[in-house]
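Chemist: Sharing structure_1.cif (mmCIF, N, CA and C atoms) below.
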```cif
data_entry
loop_
_atom_site.label_atom_id
_atom_site.label_comp_id
_atom_site.auth_asym_id
_atom_site.auth_seq_id
_atom_site.Cartn_x
_atom_site.Cartn_y
_atom_site.Cartn_z
N ARG L 1 19.49 13.90 -31.95
CA ARG L 1 20.53 14.63 -32.64
C ARG L 1 20.41 14.33 -34.13
N GLY L 2 20.12 15.35 -34.90
CA GLY L 2 20.01 15.18 -36.33
C GLY L 2 18.80 14.40 -36.78
N VAL L 3 17.80 14.22 -35.90
CA VAL L 3 16.64 13.41 -36.28
C VAL L 3 15.67 14.19 -37.17
N GLY L 4 15.64 15.51 -37.03
CA GLY L 4 14.62 16.29 -37.71
C GLY L 4 15.01 16.79 -39.08
N PHE L 5 14.02 16.85 -39.94
CA PHE L 5 14.16 17.51 -41.23
C PHE L 5 13.84 18.97 -40.95
N TYR L 6 14.87 19.79 -40.77
CA TYR L 6 14.71 21.13 -40.23
C TYR L 6 14.35 22.13 -41.31
N ASN L 7 13.11 22.08 -41.76
CA ASN L 7 12.56 23.11 -42.63
C ASN L 7 11.05 22.96 -42.65
N ASN L 8 10.36 23.91 -43.18
CA ASN L 8 8.90 23.84 -43.24
C ASN L 8 8.42 23.45 -44.62
N PHE L 9 9.28 22.89 -45.42
CA PHE L 9 8.90 22.42 -46.75
C PHE L 9 8.78 20.91 -46.66
N PHE L 10 7.56 20.45 -46.62
CA PHE L 10 7.30 19.04 -46.33
C PHE L 10 6.23 18.55 -47.29
N MET L 11 6.58 17.60 -48.14
CA MET L 11 5.60 16.98 -49.03
C MET L 11 5.56 15.50 -48.68
N ALA L 12 4.37 14.94 -48.64
CA ALA L 12 4.27 13.53 -48.26
C ALA L 12 3.10 12.87 -48.95
N ASP L 13 3.22 11.57 -49.10
CA ASP L 13 2.11 10.75 -49.56
C ASP L 13 1.30 10.43 -48.31
N VAL L 14 0.11 10.98 -48.21
CA VAL L 14 -0.72 10.83 -47.01
C VAL L 14 -0.98 9.36 -46.71
N SER L 15 -1.06 8.54 -47.75
CA SER L 15 -1.31 7.11 -47.50
C SER L 15 -0.19 6.47 -46.67
N PHE L 16 1.04 7.01 -46.77
CA PHE L 16 2.12 6.50 -45.93
C PHE L 16 1.81 6.73 -44.46
N PHE L 17 1.37 7.92 -44.09
CA PHE L 17 1.05 8.23 -42.70
C PHE L 17 -0.19 7.49 -42.21
N MET L 18 -1.01 7.00 -43.13
CA MET L 18 -2.20 6.24 -42.76
C MET L 18 -1.94 4.73 -42.80
N SER L 19 -0.76 4.31 -43.25
CA SER L 19 -0.42 2.88 -43.28
C SER L 19 -0.37 2.35 -41.85
N PRO L 20 -0.61 1.04 -41.65
CA PRO L 20 -0.66 0.50 -40.28
C PRO L 20 0.53 0.83 -39.39
N PRO L 21 1.78 0.67 -39.83
CA PRO L 21 2.87 0.99 -38.88
C PRO L 21 2.89 2.46 -38.47
N ALA L 22 2.77 3.34 -39.44
CA ALA L 22 2.82 4.78 -39.14
C ALA L 22 1.59 5.20 -38.34
N ALA L 23 0.42 4.74 -38.73
CA ALA L 23 -0.82 5.12 -38.04
C ALA L 23 -0.82 4.62 -36.60
N THR L 24 -0.28 3.43 -36.37
CA THR L 24 -0.21 2.89 -35.01
C THR L 24 0.68 3.75 -34.12
N LEU L 25 1.83 4.12 -34.63
CA LEU L 25 2.73 4.98 -33.86
C LEU L 25 2.11 6.35 -33.62
N LEU L 26 1.53 6.93 -34.65
CA LEU L 26 0.91 8.25 -34.50
C LEU L 26 -0.24 8.22 -33.50
N ALA L 27 -1.01 7.15 -33.49
CA ALA L 27 -2.11 7.02 -32.53
C ALA L 27 -1.56 6.92 -31.10
N ALA L 28 -0.46 6.18 -30.93
CA ALA L 28 0.16 6.07 -29.60
C ALA L 28 0.68 7.43 -29.13
N ILE L 29 1.30 8.17 -30.02
CA ILE L 29 1.78 9.52 -29.68
C ILE L 29 0.60 10.40 -29.29
N ASP L 30 -0.47 10.31 -30.05
CA ASP L 30 -1.66 11.11 -29.76
C ASP L 30 -2.23 10.76 -28.38
N ARG L 31 -2.34 9.46 -28.09
CA ARG L 31 -2.87 9.02 -26.79
C ARG L 31 -1.97 9.45 -25.63
N SER L 32 -0.67 9.55 -25.87
CA SER L 32 0.27 9.91 -24.80
C SER L 32 0.10 11.36 -24.35
N LYS L 33 -0.48 12.17 -25.21
CA LYS L 33 -0.66 13.61 -24.94
C LYS L 33 0.66 14.36 -24.83
N SER L 34 1.77 13.73 -25.26
CA SER L 34 3.08 14.39 -25.15
C SER L 34 3.16 15.65 -26.01
N ILE L 35 2.31 15.72 -27.01
CA ILE L 35 2.26 16.93 -27.84
C ILE L 35 1.95 18.14 -26.96
N PHE L 36 1.10 17.92 -25.95
CA PHE L 36 0.68 19.01 -25.08
C PHE L 36 1.51 19.10 -23.81
N THR L 37 1.88 17.95 -23.23
CA THR L 37 2.58 17.97 -21.95
C THR L 37 4.09 18.15 -22.09
N GLN L 38 4.68 17.70 -23.19
CA GLN L 38 6.12 17.80 -23.40
C GLN L 38 6.50 18.70 -24.57
N ARG L 39 5.50 19.32 -25.17
CA ARG L 39 5.69 20.18 -26.35
C ARG L 39 6.40 19.44 -27.48
N THR L 40 6.04 18.17 -27.66
CA THR L 40 6.59 17.39 -28.76
C THR L 40 5.99 17.95 -30.05
N GLY L 41 6.82 18.53 -30.88
CA GLY L 41 6.33 19.21 -32.07
C GLY L 41 6.27 18.32 -33.29
N ASP L 42 5.67 18.86 -34.34
CA ASP L 42 5.49 18.12 -35.58
C ASP L 42 6.82 17.74 -36.23
N LEU L 43 7.85 18.56 -36.09
CA LEU L 43 9.15 18.24 -36.68
C LEU L 43 9.65 16.89 -36.17
N VAL L 44 9.64 16.71 -34.87
CA VAL L 44 10.15 15.47 -34.28
C VAL L 44 9.26 14.29 -34.65
N ILE L 45 7.96 14.47 -34.56
CA ILE L 45 7.03 13.37 -34.83
C ILE L 45 7.10 12.94 -36.30
N GLN L 46 6.94 13.86 -37.21
CA GLN L 46 6.95 13.52 -38.63
C GLN L 46 8.30 12.95 -39.05
N SER L 47 9.38 13.56 -38.59
CA SER L 47 10.72 13.09 -38.94
C SER L 47 10.97 11.69 -38.40
N ALA L 48 10.54 11.42 -37.17
CA ALA L 48 10.74 10.10 -36.58
C ALA L 48 9.97 9.03 -37.35
N VAL L 49 8.73 9.32 -37.71
CA VAL L 49 7.93 8.35 -38.47
C VAL L 49 8.57 8.06 -39.82
N VAL L 50 9.03 9.09 -40.49
CA VAL L 50 9.68 8.92 -41.79
C VAL L 50 10.96 8.08 -41.63
N ARG L 51 11.78 8.41 -40.65
CA ARG L 51 13.05 7.69 -40.46
C ARG L 51 12.84 6.25 -40.00
N LEU L 52 11.77 6.01 -39.23
CA LEU L 52 11.51 4.65 -38.75
C LEU L 52 10.95 3.73 -39.83
N PHE L 53 10.10 4.26 -40.70
CA PHE L 53 9.35 3.39 -41.59
C PHE L 53 9.66 3.52 -43.08
N LEU L 54 10.56 4.42 -43.43
CA LEU L 54 10.97 4.53 -44.84
C LEU L 54 12.47 4.29 -44.96
N LYS L 55 12.87 3.74 -46.08
CA LYS L 55 14.29 3.57 -46.37
C LYS L 55 14.84 4.93 -46.80
N PRO L 56 16.11 5.20 -46.53
CA PRO L 56 16.68 6.50 -46.91
C PRO L 56 16.47 6.83 -48.39
N GLU L 57 16.55 5.83 -49.25
CA GLU L 57 16.37 6.09 -50.69
C GLU L 57 14.92 6.41 -51.06
N GLU L 58 14.00 6.25 -50.12
CA GLU L 58 12.60 6.59 -50.36
C GLU L 58 12.27 8.02 -49.94
N VAL L 59 13.26 8.72 -49.42
CA VAL L 59 13.06 10.07 -48.90
C VAL L 59 13.90 11.06 -49.71
N HIS L 60 13.29 12.16 -50.09
CA HIS L 60 14.06 13.25 -50.70
C HIS L 60 14.06 14.40 -49.72
N TRP L 61 15.24 14.79 -49.25
CA TRP L 61 15.37 15.88 -48.30
C TRP L 61 15.78 17.12 -49.08
N PHE L 62 14.89 18.11 -49.13
CA PHE L 62 15.16 19.36 -49.84
C PHE L 62 16.14 20.18 -49.01
N ARG L 63 17.38 20.24 -49.46
CA ARG L 63 18.41 20.96 -48.73
C ARG L 63 18.89 22.19 -49.47
N ASP L 64 18.18 22.57 -50.50
CA ASP L 64 18.64 23.72 -51.28
C ASP L 64 18.01 25.02 -50.81
N LEU L 65 17.36 25.01 -49.66
CA LEU L 65 16.80 26.24 -49.14
C LEU L 65 17.34 26.50 -47.75
N THR L 66 17.48 27.76 -47.42
CA THR L 66 17.89 28.15 -46.08
C THR L 66 16.63 28.40 -45.29
N TYR L 67 16.59 27.88 -44.08
CA TYR L 67 15.37 27.93 -43.27
C TYR L 67 15.67 28.52 -41.90
N GLU L 68 14.82 29.47 -41.48
CA GLU L 68 14.98 30.05 -40.15
C GLU L 68 13.73 29.83 -39.33
N HIS L 69 13.96 29.35 -38.12
CA HIS L 69 12.88 29.19 -37.15
C HIS L 69 13.53 29.33 -35.78
N MET L 70 13.48 30.54 -35.25
CA MET L 70 14.17 30.83 -33.99
C MET L 70 13.19 31.44 -33.00
N THR L 71 13.18 30.89 -31.79
CA THR L 71 12.34 31.41 -30.72
C THR L 71 13.24 32.12 -29.73
N LEU L 72 12.87 33.34 -29.37
CA LEU L 72 13.65 34.12 -28.42
C LEU L 72 13.04 34.02 -27.03
N CYS L 73 13.89 34.03 -26.03
CA CYS L 73 13.45 34.02 -24.64
C CYS L 73 12.73 35.33 -24.34
N ARG L 74 11.54 35.25 -23.79
CA ARG L 74 10.75 36.45 -23.49
C ARG L 74 10.70 36.75 -21.98
N LYS L 75 11.19 35.82 -21.17
CA LYS L 75 11.25 36.03 -19.72
C LYS L 75 12.64 36.56 -19.37
N GLU L 76 12.87 36.88 -18.12
CA GLU L 76 14.20 37.34 -17.72
C GLU L 76 15.25 36.26 -17.95
N LYS L 77 14.86 35.02 -17.73
CA LYS L 77 15.78 33.90 -17.95
C LYS L 77 14.97 32.68 -18.36
N CYS L 78 15.46 31.96 -19.36
CA CYS L 78 14.81 30.74 -19.85
C CYS L 78 15.80 29.60 -19.73
N GLY L 79 15.87 29.00 -18.58
CA GLY L 79 16.84 27.92 -18.39
C GLY L 79 18.21 28.48 -18.10
N TYR L 80 19.16 27.59 -18.06
CA TYR L 80 20.53 27.93 -17.70
C TYR L 80 21.19 28.79 -18.78
N LEU L 81 21.57 30.00 -18.45
CA LEU L 81 22.32 30.91 -19.31
C LEU L 81 21.59 31.37 -20.57
N ILE L 82 20.28 31.26 -20.61
CA ILE L 82 19.53 31.81 -21.75
C ILE L 82 18.75 33.00 -21.21
N HIS L 83 19.16 34.18 -21.60
CA HIS L 83 18.58 35.41 -21.06
C HIS L 83 17.55 36.01 -22.01
N LYS L 84 16.79 36.95 -21.49
CA LYS L 84 15.76 37.62 -22.26
C LYS L 84 16.32 38.19 -23.57
N GLY L 85 15.63 37.90 -24.67
CA GLY L 85 16.03 38.40 -25.97
C GLY L 85 17.04 37.54 -26.70
N CYS L 86 17.50 36.47 -26.06
CA CYS L 86 18.47 35.56 -26.68
C CYS L 86 17.75 34.36 -27.28
N PRO L 87 18.38 33.70 -28.26
CA PRO L 87 17.74 32.51 -28.83
C PRO L 87 17.53 31.42 -27.78
N GLN L 88 16.27 30.99 -27.65
CA GLN L 88 15.92 29.94 -26.70
C GLN L 88 15.95 28.58 -27.39
N ASN L 89 15.42 28.52 -28.60
CA ASN L 89 15.52 27.30 -29.40
C ASN L 89 15.42 27.66 -30.87
N GLY L 90 15.84 26.72 -31.69
CA GLY L 90 15.80 26.95 -33.13
C GLY L 90 17.00 27.74 -33.62
N GLY L 91 16.91 28.13 -34.87
CA GLY L 91 17.99 28.87 -35.47
C GLY L 91 17.83 28.91 -36.98
N VAL L 92 18.95 28.92 -37.68
CA VAL L 92 18.95 28.97 -39.14
C VAL L 92 19.70 27.75 -39.65
N SER L 93 19.07 27.05 -40.57
CA SER L 93 19.66 25.87 -41.21
C SER L 93 20.19 26.29 -42.57
N ARG L 94 21.43 25.93 -42.86
CA ARG L 94 22.10 26.34 -44.09
C ARG L 94 21.55 25.60 -45.31
N GLY L 95 21.20 26.36 -46.31
CA GLY L 95 20.84 25.77 -47.60
C GLY L 95 22.09 25.58 -48.45
N ASN L 96 21.97 24.80 -49.50
CA ASN L 96 23.12 24.48 -50.35
C ASN L 96 23.61 25.65 -51.19
N LYS L 97 22.87 26.75 -51.22
CA LYS L 97 23.28 27.87 -52.08
C LYS L 97 24.53 28.59 -51.57
N PHE L 98 24.87 28.41 -50.29
CA PHE L 98 26.00 29.11 -49.70
C PHE L 98 27.31 28.34 -49.88
N THR L 99 28.37 29.05 -50.23
CA THR L 99 29.71 28.49 -50.10
C THR L 99 30.05 28.56 -48.61
N ASN L 100 31.12 27.91 -48.19
CA ASN L 100 31.50 27.97 -46.78
C ASN L 100 31.76 29.41 -46.33
N ALA L 101 32.45 30.17 -47.15
CA ALA L 101 32.75 31.56 -46.79
C ALA L 101 31.48 32.41 -46.73
N GLU L 102 30.59 32.22 -47.70
CA GLU L 102 29.33 32.97 -47.70
C GLU L 102 28.48 32.62 -46.48
N TRP L 103 28.45 31.33 -46.12
CA TRP L 103 27.67 30.91 -44.96
C TRP L 103 28.21 31.56 -43.68
N MET L 104 29.51 31.55 -43.48
CA MET L 104 30.08 32.14 -42.27
C MET L 104 29.80 33.64 -42.22
N LYS L 105 29.87 34.30 -43.35
CA LYS L 105 29.57 35.74 -43.40
C LYS L 105 28.10 35.98 -43.07
N PHE L 106 27.19 35.22 -43.68
CA PHE L 106 25.76 35.35 -43.42
C PHE L 106 25.45 35.05 -41.95
N ALA L 107 25.98 33.93 -41.45
CA ALA L 107 25.68 33.50 -40.08
C ALA L 107 26.18 34.53 -39.06
N THR L 108 27.30 35.14 -39.34
CA THR L 108 27.86 36.14 -38.43
C THR L 108 27.15 37.48 -38.57
N GLU L 109 27.11 38.00 -39.79
CA GLU L 109 26.60 39.36 -40.00
C GLU L 109 25.08 39.44 -39.95
N GLN L 110 24.38 38.45 -40.47
CA GLN L 110 22.93 38.53 -40.56
C GLN L 110 22.21 37.88 -39.38
N VAL L 111 22.85 36.94 -38.70
CA VAL L 111 22.18 36.26 -37.60
C VAL L 111 22.81 36.61 -36.25
N ARG L 112 24.05 36.25 -36.05
CA ARG L 112 24.68 36.48 -34.74
C ARG L 112 24.68 37.96 -34.37
N ASN L 113 24.94 38.85 -35.31
CA ASN L 113 25.02 40.28 -34.99
C ASN L 113 23.69 40.90 -34.58
N ARG L 114 22.58 40.19 -34.81
CA ARG L 114 21.28 40.69 -34.33
C ARG L 114 21.29 40.85 -32.81
N PHE L 115 22.14 40.07 -32.15
CA PHE L 115 22.12 40.00 -30.70
C PHE L 115 23.30 40.71 -30.04
N GLU L 116 24.12 41.39 -30.82
CA GLU L 116 25.34 41.97 -30.26
C GLU L 116 25.07 43.10 -29.28
N HIS L 117 23.90 43.74 -29.36
CA HIS L 117 23.60 44.85 -28.45
C HIS L 117 22.86 44.39 -27.20
N ASN L 118 22.57 43.10 -27.10
CA ASN L 118 21.90 42.59 -25.90
C ASN L 118 22.90 42.64 -24.75
N PRO L 119 22.56 43.34 -23.65
CA PRO L 119 23.51 43.47 -22.53
C PRO L 119 23.83 42.14 -21.86
N LYS L 120 23.02 41.12 -22.09
CA LYS L 120 23.25 39.82 -21.47
C LYS L 120 24.22 38.96 -22.27
N LYS L 121 24.67 39.43 -23.42
CA LYS L 121 25.64 38.70 -24.25
C LYS L 121 25.14 37.30 -24.60
N CYS L 122 24.24 37.24 -25.56
CA CYS L 122 23.65 35.97 -26.00
C CYS L 122 24.71 35.04 -26.58
N SER L 123 24.53 33.77 -26.33
CA SER L 123 25.36 32.75 -26.96
C SER L 123 24.66 32.32 -28.25
N VAL L 124 25.29 32.57 -29.38
CA VAL L 124 24.72 32.22 -30.68
C VAL L 124 25.79 31.49 -31.48
N PRO L 125 25.98 30.21 -31.19
CA PRO L 125 27.05 29.46 -31.85
C PRO L 125 26.75 29.20 -33.32
N ILE L 126 27.83 29.06 -34.08
CA ILE L 126 27.74 28.78 -35.51
C ILE L 126 28.53 27.51 -35.78
N ASN L 127 27.94 26.61 -36.58
CA ASN L 127 28.74 25.51 -37.09
C ASN L 127 28.56 25.47 -38.61
N GLN L 128 29.02 24.44 -39.24
CA GLN L 128 29.03 24.38 -40.70
C GLN L 128 27.63 24.43 -41.31
N TYR L 129 26.61 23.97 -40.56
CA TYR L 129 25.26 23.89 -41.14
C TYR L 129 24.20 24.69 -40.40
N PHE L 130 24.48 25.11 -39.16
CA PHE L 130 23.45 25.77 -38.36
C PHE L 130 24.05 26.94 -37.58
N VAL L 131 23.17 27.90 -37.29
CA VAL L 131 23.50 28.97 -36.35
C VAL L 131 22.26 29.15 -35.50
N GLY L 132 22.43 29.22 -34.18
CA GLY L 132 21.27 29.41 -33.33
C GLY L 132 21.46 28.88 -31.93
N ALA L 133 20.38 28.43 -31.35
CA ALA L 133 20.36 28.01 -29.96
C ALA L 133 20.95 26.60 -29.78
N GLU L 134 21.05 26.19 -28.53
CA GLU L 134 21.65 24.90 -28.18
C GLU L 134 21.03 23.73 -28.93
N ASP L 135 19.72 23.75 -29.14
CA ASP L 135 19.07 22.59 -29.75
C ASP L 135 19.49 22.36 -31.20
N VAL L 136 19.93 23.39 -31.91
CA VAL L 136 20.42 23.18 -33.28
C VAL L 136 21.94 23.22 -33.35
N ARG L 137 22.57 23.62 -32.29
CA ARG L 137 24.03 23.69 -32.25
C ARG L 137 24.65 22.31 -32.51
N THR L 138 23.99 21.25 -32.06
CA THR L 138 24.56 19.91 -32.17
C THR L 138 24.01 19.13 -33.35
N CYS L 139 23.23 19.78 -34.21
CA CYS L 139 22.68 19.08 -35.36
C CYS L 139 23.76 18.73 -36.36
N SER L 140 23.51 17.65 -37.06
CA SER L 140 24.43 17.24 -38.12
C SER L 140 23.61 16.81 -39.32
N ARG L 141 24.26 16.74 -40.46
CA ARG L 141 23.53 16.34 -41.66
C ARG L 141 23.63 14.87 -41.88
#
```
Could the structure of this file be written out as structure tokens, please?
Modeler:
Amino acid sequence: RGVGFYNNFFMADVSFFMSPPAATLLAAIDRSKSIFTQRTGDLVIQSAVVRLFLKPEEVHWFRDLTYEHMTLCRKEKCGYLIHKGCPQNGGVSRGNKFTNAEWMKFATEQVRNRFEHNPKKCSVPINQYFVGAEDVRTCSR
């Protein structure tokens, strides 16, 4: 919950990822094959390494951009209550440019309303920072 830096804007000092603690963990993850068997993605891996081995003051989290990464269910059903054409995972992360009112308007009109014509009635929850599927519904800053 809240472990990932949810955007595709990522700058890093490569020597940090090659340092013994980070490299040891990354090698263990690689040997586990969880990237392939559990679909462990780069967001979780990179974010976990950063959070485990860097102090918060050593990290700059770019929060001034709005980021969307949403996967839609392409089968008739993807798990419990996720129907074809509905968000399966991901969503939209709020950038700092939005006021609260602007964010709610954007999240409702530009994101949630994309799914209003789906006969299966997609669940697209909105909170203060995210709109999208279950996996981002519980994210916090």
Chemist: When DSSP works through the backbone of this structure, what residues of chain L end up as helix (DSSP H, G or I), shown as an MDAnalysis selection string?
Modeler: chainID L and resid 14:18 20:32 34:37 42:53 56:58 100:115 134:137
Chemist: Atom C of Phe5 (chain L) to atom C of Gly91 (chain L): how many Å, to one decimal?
Modeler: 11.4 Å
Chemist: Would you give me, as a ChimeraX atom specification, the residues in chain L that DSSP reads as strand (DSSP E or B)?
Modeler: /L:67-72,77,83,87-93,126,130-132
Chemist: Could you write out the selected residues, including N, CA and C atoms, as a CSV table (one decimal), in the frame of the given file?
Modeler:
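The file below, result_8.csv, is the result:
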```
chain,number,residue,atom,x,y,z
L,67,TYR,N,16.6,27.9,-44.1
L,67,TYR,CA,15.4,27.9,-43.3
L,67,TYR,C,15.7,28.5,-41.9
L,68,GLU,N,14.8,29.5,-41.5
L,68,GLU,CA,15.0,30.0,-40.2
L,68,GLU,C,13.7,29.8,-39.3
L,69,HIS,N,14.0,29.4,-38.1
L,69,HIS,CA,12.9,29.2,-37.2
L,69,HIS,C,13.5,29.3,-35.8
L,70,MET,N,13.5,30.5,-35.2
L,70,MET,CA,14.2,30.8,-34.0
L,70,MET,C,13.2,31.4,-33.0
L,71,THR,N,13.2,30.9,-31.8
L,71,THR,CA,12.3,31.4,-30.7
L,71,THR,C,13.2,32.1,-29.7
L,72,LEU,N,12.9,33.3,-29.4
L,72,LEU,CA,13.6,34.1,-28.4
L,72,LEU,C,13.0,34.0,-27.0
L,77,LYS,N,14.9,35.0,-17.7
L,77,LYS,CA,15.8,33.9,-18.0
L,77,LYS,C,15.0,32.7,-18.4
L,83,HIS,N,19.2,34.2,-21.6
L,83,HIS,CA,18.6,35.4,-21.1
L,83,HIS,C,17.6,36.0,-22.0
L,87,PRO,N,18.4,33.7,-28.3
L,87,PRO,CA,17.7,32.5,-28.8
L,87,PRO,C,17.5,31.4,-27.8
L,88,GLN,N,16.3,31.0,-27.6
L,88,GLN,CA,15.9,29.9,-26.7
L,88,GLN,C,16.0,28.6,-27.4
L,89,ASN,N,15.4,28.5,-28.6
L,89,ASN,CA,15.5,27.3,-29.4
L,89,ASN,C,15.4,27.7,-30.9
L,90,GLY,N,15.8,26.7,-31.7
L,90,GLY,CA,15.8,27.0,-33.1
L,90,GLY,C,17.0,27.7,-33.6
L,91,GLY,N,16.9,28.1,-34.9
L,91,GLY,CA,18.0,28.9,-35.5
L,91,GLY,C,17.8,28.9,-37.0
L,92,VAL,N,19.0,28.9,-37.7
L,92,VAL,CA,19.0,29.0,-39.1
L,92,VAL,C,19.7,27.8,-39.6
L,93,SER,N,19.1,27.0,-40.6
L,93,SER,CA,19.7,25.9,-41.2
L,93,SER,C,20.2,26.3,-42.6
L,126,ILE,N,27.8,29.1,-34.1
L,126,ILE,CA,27.7,28.8,-35.5
L,126,ILE,C,28.5,27.5,-35.8
L,130,PHE,N,24.5,25.1,-39.2
L,130,PHE,CA,23.4,25.8,-38.4
L,130,PHE,C,24.0,26.9,-37.6
L,131,VAL,N,23.2,27.9,-37.3
L,131,VAL,CA,23.5,29.0,-36.4
L,131,VAL,C,22.3,29.2,-35.5
L,132,GLY,N,22.4,29.2,-34.2
L,132,GLY,CA,21.3,29.4,-33.3
L,132,GLY,C,21.5,28.9,-31.9
```
Chemist: What box, with edges along x, y and z, holds each listed atom of region 31-44 of chain L when 8 Å is added on every side, and can you state its centre and edge lengths in Å to one decimal, as JSON?
Modeler:
```
{"center_x": 3.6, "center_y": 14.6, "center_z": -29.3, "size_x": 29.0, "size_y": 27.2, "size_z": 30.7}
```
Chemist: When you look at region 108-111 of chain L with a cut-off of 9 Å (counting only C-alpha atoms), what residues show up, excluding the ones that are within fewer than 5 positions of it in the same chain? I need them as JSON, numbers by chain.
Modeler: {"L": [91, 92, 103, 124, 126, 131, 132]}
Chemist: Calculate how many Å separate atom C of Cys86 (chain L) from atom C of Thr71 (chain L), rounding to one decimal.
Modeler: 5.6 Å
Chemist: Pull out every residue that the PyMOL selection byres (((chain L and resi 15-27 and name CA) around 9) and name CA) matches in the shown coordinates and put them as a VMD selection string.
Modeler: chain L and resid 12 to 14 28 to 32 45 to 46 49 to 50 52 to 53
